[in-house]
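Everything below belongs to structure_36.pdb, which stores PDB, C-alpha atoms.
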ATOM      1  CA  MET A 246      90.468 149.912 -70.016
ATOM      2  CA  LYS A 247      93.340 152.313 -69.301
ATOM      3  CA  HIS A 248      95.528 151.699 -66.259
ATOM      4  CA  THR A 249      98.299 153.779 -64.683
ATOM      5  CA  LEU A 250     101.224 151.892 -63.166
ATOM      6  CA  SER A 251     103.913 153.210 -60.859
ATOM      7  CA  VAL A 252     107.064 151.092 -61.092
ATOM      8  CA  LEU A 253     110.007 151.612 -58.757
ATOM      9  CA  VAL A 254     113.289 150.422 -60.249
ATOM     10  CA  GLU A 255     116.920 150.450 -59.239
ATOM     11  CA  ASN A 256     118.555 153.495 -60.790
ATOM     12  CA  LYS A 257     120.792 151.469 -63.111
ATOM     13  CA  PRO A 258     121.443 151.476 -66.869
ATOM     14  CA  GLY A 259     118.966 149.324 -68.806
ATOM     15  CA  ALA A 260     116.160 149.300 -66.209
ATOM     16  CA  LEU A 261     113.804 151.437 -68.341
ATOM     17  CA  MET A 262     114.635 149.432 -71.469
ATOM     18  CA  ARG A 263     113.784 146.137 -69.756
ATOM     19  CA  VAL A 264     110.387 147.433 -68.601
ATOM     20  CA  THR A 265     109.422 148.978 -71.953
ATOM     21  CA  SER A 266     110.726 145.972 -73.919
ATOM     22  CA  MET A 267     108.458 143.690 -71.912
ATOM     23  CA  PHE A 268     105.452 145.721 -73.114
ATOM     24  CA  ALA A 269     106.685 145.726 -76.719
ATOM     25  CA  ARG A 270     107.275 141.944 -76.731
ATOM     26  CA  ARG A 271     103.689 141.395 -75.598
ATOM     27  CA  GLY A 272     102.251 143.812 -78.164
ATOM     28  CA  PHE A 273     101.051 146.506 -75.752
ATOM     29  CA  ASN A 274     101.328 150.179 -76.591
ATOM     30  CA  ILE A 275     102.387 152.499 -73.779
ATOM     31  CA  ASP A 276     100.120 155.577 -73.989
ATOM     32  CA  SER A 277     102.185 157.690 -71.598
ATOM     33  CA  LEU A 278     105.606 157.269 -70.014
ATOM     34  CA  ALA A 279     107.422 159.420 -67.458
ATOM     35  CA  VAL A 280     110.640 158.553 -65.647
ATOM     36  CA  GLY A 281     112.451 160.398 -62.913
ATOM     37  CA  PRO A 282     114.225 160.224 -59.584
ATOM     38  CA  THR A 283     112.540 159.500 -56.266
ATOM     39  CA  GLU A 284     113.326 160.487 -52.698
ATOM     40  CA  ARG A 285     116.087 157.847 -52.811
ATOM     41  CA  HIS A 286     119.086 158.513 -55.078
ATOM     42  CA  ASP A 287     119.373 154.819 -56.002
ATOM     43  CA  VAL A 288     115.698 154.400 -57.037
ATOM     44  CA  SER A 289     113.776 155.808 -60.034
ATOM     45  CA  ARG A 290     110.027 155.872 -60.662
ATOM     46  CA  ILE A 291     108.563 154.883 -64.019
ATOM     47  CA  THR A 292     104.949 155.981 -64.414
ATOM     48  CA  LEU A 293     103.230 154.479 -67.417
ATOM     49  CA  ARG A 294      99.738 154.315 -68.852
ATOM     50  CA  VAL A 295      98.591 151.246 -70.770
ATOM     51  CA  ASP A 296      95.299 150.128 -72.306
ATOM     52  CA  CYS A 297      94.486 146.518 -71.369
ATOM     53  CA  ALA A 298      92.006 144.310 -69.528
ATOM     54  CA  SER A 299      92.318 143.939 -65.744
ATOM     55  CA  THR A 300      93.270 140.253 -66.053
ATOM     56  CA  THR A 301      96.017 141.160 -68.519
ATOM     57  CA  LEU A 302      97.205 143.882 -66.138
ATOM     58  CA  GLU A 303      97.679 141.277 -63.387
ATOM     59  CA  GLN A 304      99.857 139.230 -65.755
ATOM     60  CA  ILE A 305     101.867 142.326 -66.702
ATOM     61  CA  GLU A 306     102.462 143.126 -63.021
ATOM     62  CA  LYS A 307     103.628 139.547 -62.310
ATOM     63  CA  GLN A 308     105.978 139.605 -65.300
ATOM     64  CA  MET A 309     107.409 142.999 -64.291
ATOM     65  CA  HIS A 310     108.212 141.657 -60.814
ATOM     66  CA  LYS A 311     110.449 139.066 -62.485
ATOM     67  CA  LEU A 312     112.525 141.724 -64.264
ATOM     68  CA  VAL A 313     115.969 142.608 -62.995
ATOM     69  CA  ASN A 314     116.012 146.013 -61.245
ATOM     70  CA  VAL A 315     112.218 146.156 -60.610
ATOM     71  CA  LEU A 316     111.552 146.783 -56.910
ATOM     72  CA  ARG A 317     107.806 147.469 -56.766
ATOM     73  CA  VAL A 318     104.830 147.677 -59.113
ATOM     74  CA  GLN A 319     101.650 149.461 -58.067
ATOM     75  CA  GLU A 320      98.492 150.324 -59.972
ATOM     76  CA  LEU A 321      97.355 153.889 -59.346
ATOM     77  CA  VAL A 322      93.601 153.488 -59.025
ATOM     78  CA  PRO A 323      91.510 156.486 -60.181
ATOM     79  CA  GLY A 324      90.229 158.414 -57.164
ATOM     80  CA  GLU A 325      92.869 156.845 -54.918
ATOM     81  CA  ALA A 326      95.812 158.570 -56.589
ATOM     82  CA  VAL A 327      96.900 162.090 -57.480
ATOM     83  CA  GLU A 328      97.852 162.297 -61.161
ATOM     84  CA  ARG A 329      99.322 165.318 -62.917
ATOM     85  CA  GLU A 330     100.946 166.316 -66.177
ATOM     86  CA  LEU A 331     102.944 169.303 -67.370
ATOM     87  CA  ALA A 332     102.165 170.749 -70.795
ATOM     88  CA  LEU A 333     103.699 173.509 -72.865
ATOM     89  CA  LEU A 334     101.369 174.882 -75.552
ATOM     90  CA  LYS A 335     102.438 177.394 -78.192
ATOM     91  CA  VAL A 336      99.346 179.214 -79.454
ATOM     92  CA  ALA A 337      98.951 181.797 -82.209
ATOM     93  CA  ALA A 338      98.114 185.070 -80.450
ATOM     94  CA  PRO A 339      97.575 188.152 -82.542
ATOM     95  CA  PRO A 340      96.975 191.240 -80.370
ATOM     96  CA  SER A 341      93.220 191.066 -81.011
ATOM     97  CA  LYS A 342      92.976 187.578 -79.426
ATOM     98  CA  ARG A 343      95.380 187.914 -76.489
ATOM     99  CA  ALA A 344      92.797 189.031 -73.925
ATOM    100  CA  GLU A 345      90.588 186.032 -74.745
ATOM    101  CA  LEU A 346      93.547 183.639 -74.504
ATOM    102  CA  MET A 347      94.655 185.137 -71.190
ATOM    103  CA  THR A 348      91.128 184.690 -69.795
ATOM    104  CA  LEU A 349      91.191 181.009 -70.825
ATOM    105  CA  ALA A 350      94.624 180.595 -69.242
ATOM    106  CA  ASP A 351      93.422 182.138 -65.969
ATOM    107  CA  ALA A 352      90.433 179.794 -65.864
ATOM    108  CA  PHE A 353      92.751 176.777 -66.185
ATOM    109  CA  ARG A 354      95.551 178.131 -63.956
ATOM    110  CA  ALA A 355      97.946 178.119 -66.926
ATOM    111  CA  ARG A 356     100.732 180.660 -66.898
ATOM    112  CA  VAL A 357     102.546 182.477 -69.668
ATOM    113  CA  ALA A 358     105.996 180.948 -70.065
ATOM    114  CA  ASP A 359     106.953 183.043 -73.101
ATOM    115  CA  LEU A 360     105.367 185.867 -75.045
ATOM    116  CA  GLY A 361     106.241 186.631 -78.658
ATOM    117  CA  ALA A 362     105.003 189.089 -81.255
ATOM    118  CA  ASP A 363     102.438 186.665 -82.658
ATOM    119  CA  SER A 364     102.303 183.712 -80.247
ATOM    120  CA  ILE A 365     102.194 182.772 -76.555
ATOM    121  CA  VAL A 366     103.698 179.728 -74.871
ATOM    122  CA  PHE A 367     101.528 178.576 -71.972
ATOM    123  CA  GLU A 368     102.743 176.320 -69.170
ATOM    124  CA  MET A 369     100.112 174.247 -67.447
ATOM    125  CA  VAL A 370     100.205 171.678 -64.668
ATOM    126  CA  GLY A 371      97.042 169.744 -64.017
ATOM    127  CA  SER A 372      95.213 166.489 -64.387
ATOM    128  CA  PRO A 373      95.469 164.994 -67.867
ATOM    129  CA  GLU A 374      91.766 165.725 -68.333
ATOM    130  CA  GLU A 375      92.246 169.425 -67.471
ATOM    131  CA  ILE A 376      95.102 169.674 -69.958
ATOM    132  CA  ASP A 377      92.980 167.952 -72.623
ATOM    133  CA  ALA A 378      90.191 170.497 -72.011
ATOM    134  CA  PHE A 379      92.570 173.496 -72.209
ATOM    135  CA  GLU A 380      94.133 172.118 -75.388
ATOM    136  CA  GLU A 381      90.695 171.701 -76.960
ATOM    137  CA  LEU A 382      89.777 175.315 -76.154
ATOM    138  CA  VAL A 383      92.998 176.890 -77.485
ATOM    139  CA  ARG A 384      93.213 174.689 -80.599
ATOM    140  CA  PRO A 385      90.784 176.880 -82.640
ATOM    141  CA  HIS A 386      93.081 179.868 -81.983
ATOM    142  CA  GLY A 387      95.922 178.039 -83.732
ATOM    143  CA  LEU A 388      97.808 175.487 -81.657
ATOM    144  CA  GLN A 389     101.293 175.672 -83.166
ATOM    145  CA  GLU A 390     103.187 173.273 -80.898
ATOM    146  CA  LEU A 391     102.405 171.023 -77.955
ATOM    147  CA  GLY A 392     104.635 169.134 -75.548
ATOM    148  CA  ARG A 393     103.371 167.003 -72.645
ATOM    149  CA  THR A 394     105.372 165.185 -70.004
ATOM    150  CA  GLY A 395     103.102 162.208 -69.610
ATOM    151  CA  ARG A 396     101.275 161.256 -66.472
ATOM    152  CA  LEU A 397     102.930 161.287 -63.051
ATOM    153  CA  GLY A 398     101.138 159.939 -60.036
ATOM    154  CA  LEU A 399     101.306 158.962 -56.391
ATOM    155  CA  ALA A 400      98.844 157.194 -54.125
ATOM    156  CA  ARG A 401      96.821 159.706 -52.111
ATOM    157  CA  ALA A 402      98.081 160.517 -48.631
ATOM    158  CA  THR A 403      94.532 160.998 -47.326
ATOM    159  CA  ARG A 404      93.238 157.416 -47.631
ATOM    160  CA  PRO A 405      94.479 154.004 -46.667
ATOM    161  CA  SER A 406      95.760 152.159 -49.712
ATOM    162  CA  ARG A 407      93.749 149.187 -50.979
ATOM    163  CA  LYS A 408      95.754 148.771 -54.170
ATOM    164  CA  ARG A 409      97.545 145.665 -55.312
ATOM    165  CA  SER A 410     101.182 146.177 -54.536
ATOM    166  CA  SER A 411     104.299 144.148 -54.049
ATOM    167  CA  PRO A 412     106.185 144.228 -50.753
ATOM    168  CA  ALA A 413     107.618 147.544 -49.586
ATOM    169  CA  LEU A 414     111.168 148.516 -50.402
ATOM    170  CA  VAL A 415     113.830 147.341 -48.030
TER     171      VAL A 415
END
What would the structure in this file look like if it were written as structure tokens?
Amino acid sequence: MKHTLSVLVENKPGALMRVTSMFARRGFNIDSLAVGPTERHDVSRITLRVDCASTTLEQIEKQMHKLVNVLRVQELVPGEAVERELALLKVAAPPSKRAELMTLADAFRARVADLGADSIVFEMVGSPEEIDAFEELVRPHGLQELGRTGRLGLARATRPSRKRSSPALV
């Protein structure tokens, strides 16, 4: 089963390497990885997606808590978290197909980031599933390049959290 983890770490050199090395040592592949700053300048958020059993996930969380620089580990439970991705898709777009591509883009709230003589670069922010669906629909037109950020996520603000989590930051 796939799980999304949000890991808060001290913003120090080597923190990301320690977290990803722990996964590599245990033979787990990280499906998606995104790292960036948080509301605190001294803390970064690592959002990663891994395929493992729930019991294995508990072990991973316990082992991550032991790592230097790790402050908090939280599973983002589907339905109890907001998850988004950014994608840039370069699609072949001869003049005869542009109207159809623009209609698809409108339906998925994608915007044109760049327009060339024979291709369009679309920018799309949405759930990973929405991006997968848009990619599948534009692929027959000639998907020339694709770049995705990886999943980002936060617990929903509209529900009380029932997720496993370590103590709050000090």
Each residue of region 280-303 of chain A with at least one atom at most 12 Å from region 308-327 of chain A should appear once, together with its nearest atom pair and the corresponding distance in Å (one decimal); atoms considered: all atoms listed in the file; ordering: chain, then increasing residue number; output as JSON lines.
{"residue": "A:Asp287", "atom": "CA", "partner": "A:Asn314", "partner_atom": "CA", "distance": 10.8}
{"residue": "A:Val288", "atom": "CA", "partner": "A:Leu316", "partner_atom": "CA", "distance": 8.7}
{"residue": "A:Ser289", "atom": "CA", "partner": "A:Val315", "partner_atom": "CA", "distance": 9.8}
{"residue": "A:Arg290", "atom": "CA", "partner": "A:Arg317", "partner_atom": "CA", "distance": 9.5}
{"residue": "A:Ile291", "atom": "CA", "partner": "A:Val318", "partner_atom": "CA", "distance": 9.5}
{"residue": "A:Thr292", "atom": "CA", "partner": "A:Leu321", "partner_atom": "CA", "distance": 9.4}
{"residue": "A:Leu293", "atom": "CA", "partner": "A:Glu320", "partner_atom": "CA", "distance": 9.8}
{"residue": "A:Arg294", "atom": "CA", "partner": "A:Leu321", "partner_atom": "CA", "distance": 9.8}
{"residue": "A:Val295", "atom": "CA", "partner": "A:Glu320", "partner_atom": "CA", "distance": 10.8}
{"residue": "A:Ser299", "atom": "CA", "partner": "A:Glu320", "partner_atom": "CA", "distance": 10.6}
{"residue": "A:Thr301", "atom": "CA", "partner": "A:Gln308", "partner_atom": "CA", "distance": 10.6}
{"residue": "A:Leu302", "atom": "CA", "partner": "A:Glu320", "partner_atom": "CA", "distance": 9.0}
{"residue": "A:Glu303", "atom": "CA", "partner": "A:Gln308", "partner_atom": "CA", "distance": 8.7}
For Ala352 (chain A), please output as a short mmCIF file (atom, residue, chain, number, x, y, z; two decimals) with C-alpha atoms, in the frame of the given file all residues within 12 Å (counting only C-alpha atoms; exclusion window: fewer than 5 positions along the same chain).
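Output saved as selection-v2.cif:
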data_model
loop_
_atom_site.label_atom_id
_atom_site.label_comp_id
_atom_site.auth_asym_id
_atom_site.auth_seq_id
_atom_site.Cartn_x
_atom_site.Cartn_y
_atom_site.Cartn_z
CA GLU A 345 90.59 186.03 -74.74
CA LEU A 346 93.55 183.64 -74.50
CA MET A 347 94.66 185.14 -71.19
CA MET A 369 100.11 174.25 -67.45
CA GLU A 375 92.25 169.42 -67.47
CA ILE A 376 95.10 169.67 -69.96
CA ALA A 378 90.19 170.50 -72.01
CA PHE A 379 92.57 173.50 -72.21
CA LEU A 382 89.78 175.32 -76.15
#
Might you spell out which residues the PyMOL selection byres ((chain A and resi 335) around 12) would select in the displayed file, as a PyMOL selection string? chain A and resi 332-334+336-338+346+356-361+363-369+380+383-384+386-393
Here is a test: counting all atoms listed in the file, which residue of A:Ile305, A:Val370, A:Leu349, A:Cys297 is nearest to Arg396 (chain A)?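 Result for the nearest residue to Arg396 (chain A): A:Val370.
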Between CA of Asp377 (chain A) and CA of Gly398 (chain A), what is the distance, to one decimal in Å? 17.0 Å
Calculated over only C-alpha atoms, which of the candidates A:Arg401, A:Phe273, A:Pro373, A:Thr394 has the smallest distance to Ala298 (chain A)? A:Phe273
Set the distance at 6 Å and use all atoms listed in the file: which residues neighbour Arg329 (chain A) once local chain neighbours fewer than 3 positions away are removed? I'd like the list as a ChimeraX atom specification. /A:371-372,396-397
Can region 348-366 of chain A be brought up to N, CA and C atoms and written out as a tab-separated table (two decimals), in the frame of the given file?
chain	number	residue	atom	x	y	z
A	348	THR	N	92.28	185.06	-70.61
A	348	THR	CA	91.13	184.69	-69.80
A	348	THR	C	91.01	183.17	-69.70
A	349	LEU	N	91.20	182.48	-70.83
A	349	LEU	CA	91.19	181.01	-70.82
A	349	LEU	C	92.30	180.47	-69.92
A	350	ALA	N	93.49	181.04	-70.05
A	350	ALA	CA	94.62	180.60	-69.24
A	350	ALA	C	94.34	180.77	-67.75
A	351	ASP	N	93.76	181.91	-67.38
A	351	ASP	CA	93.42	182.14	-65.97
A	351	ASP	C	92.43	181.10	-65.46
A	352	ALA	N	91.45	180.77	-66.27
A	352	ALA	CA	90.43	179.79	-65.86
A	352	ALA	C	91.03	178.42	-65.62
A	353	PHE	N	92.12	178.09	-66.32
A	353	PHE	CA	92.75	176.78	-66.18
A	353	PHE	C	94.04	176.82	-65.36
A	354	ARG	N	94.34	177.96	-64.75
A	354	ARG	CA	95.55	178.13	-63.96
A	354	ARG	C	96.82	177.87	-64.78
A	355	ALA	N	96.76	178.21	-66.08
A	355	ALA	CA	97.95	178.12	-66.93
A	355	ALA	C	98.68	179.44	-66.82
A	356	ARG	N	99.99	179.41	-66.96
A	356	ARG	CA	100.73	180.66	-66.90
A	356	ARG	C	101.48	180.89	-68.20
A	357	VAL	N	101.80	182.13	-68.46
A	357	VAL	CA	102.55	182.48	-69.67
A	357	VAL	C	104.02	182.19	-69.40
A	358	ALA	N	104.58	181.29	-70.19
A	358	ALA	CA	106.00	180.95	-70.06
A	358	ALA	C	106.85	181.79	-71.02
A	359	ASP	N	106.24	182.22	-72.13
A	359	ASP	CA	106.95	183.04	-73.10
A	359	ASP	C	105.93	183.79	-73.95
A	360	LEU	N	106.27	185.03	-74.27
A	360	LEU	CA	105.37	185.87	-75.04
A	360	LEU	C	106.12	186.42	-76.24
A	361	GLY	N	105.61	186.13	-77.43
A	361	GLY	CA	106.24	186.63	-78.66
A	361	GLY	C	105.32	187.61	-79.36
A	362	ALA	N	105.78	188.10	-80.50
A	362	ALA	CA	105.00	189.09	-81.26
A	362	ALA	C	103.67	188.52	-81.75
A	363	ASP	N	103.67	187.24	-82.11
A	363	ASP	CA	102.44	186.66	-82.66
A	363	ASP	C	102.05	185.32	-82.04
A	364	SER	N	102.67	184.96	-80.92
A	364	SER	CA	102.30	183.71	-80.25
A	364	SER	C	102.61	183.79	-78.75
A	365	ILE	N	101.98	182.89	-78.00
A	365	ILE	CA	102.19	182.77	-76.56
A	365	ILE	C	102.49	181.31	-76.25
A	366	VAL	N	103.45	181.08	-75.37
A	366	VAL	CA	103.70	179.73	-74.87
A	366	VAL	C	103.12	179.66	-73.47
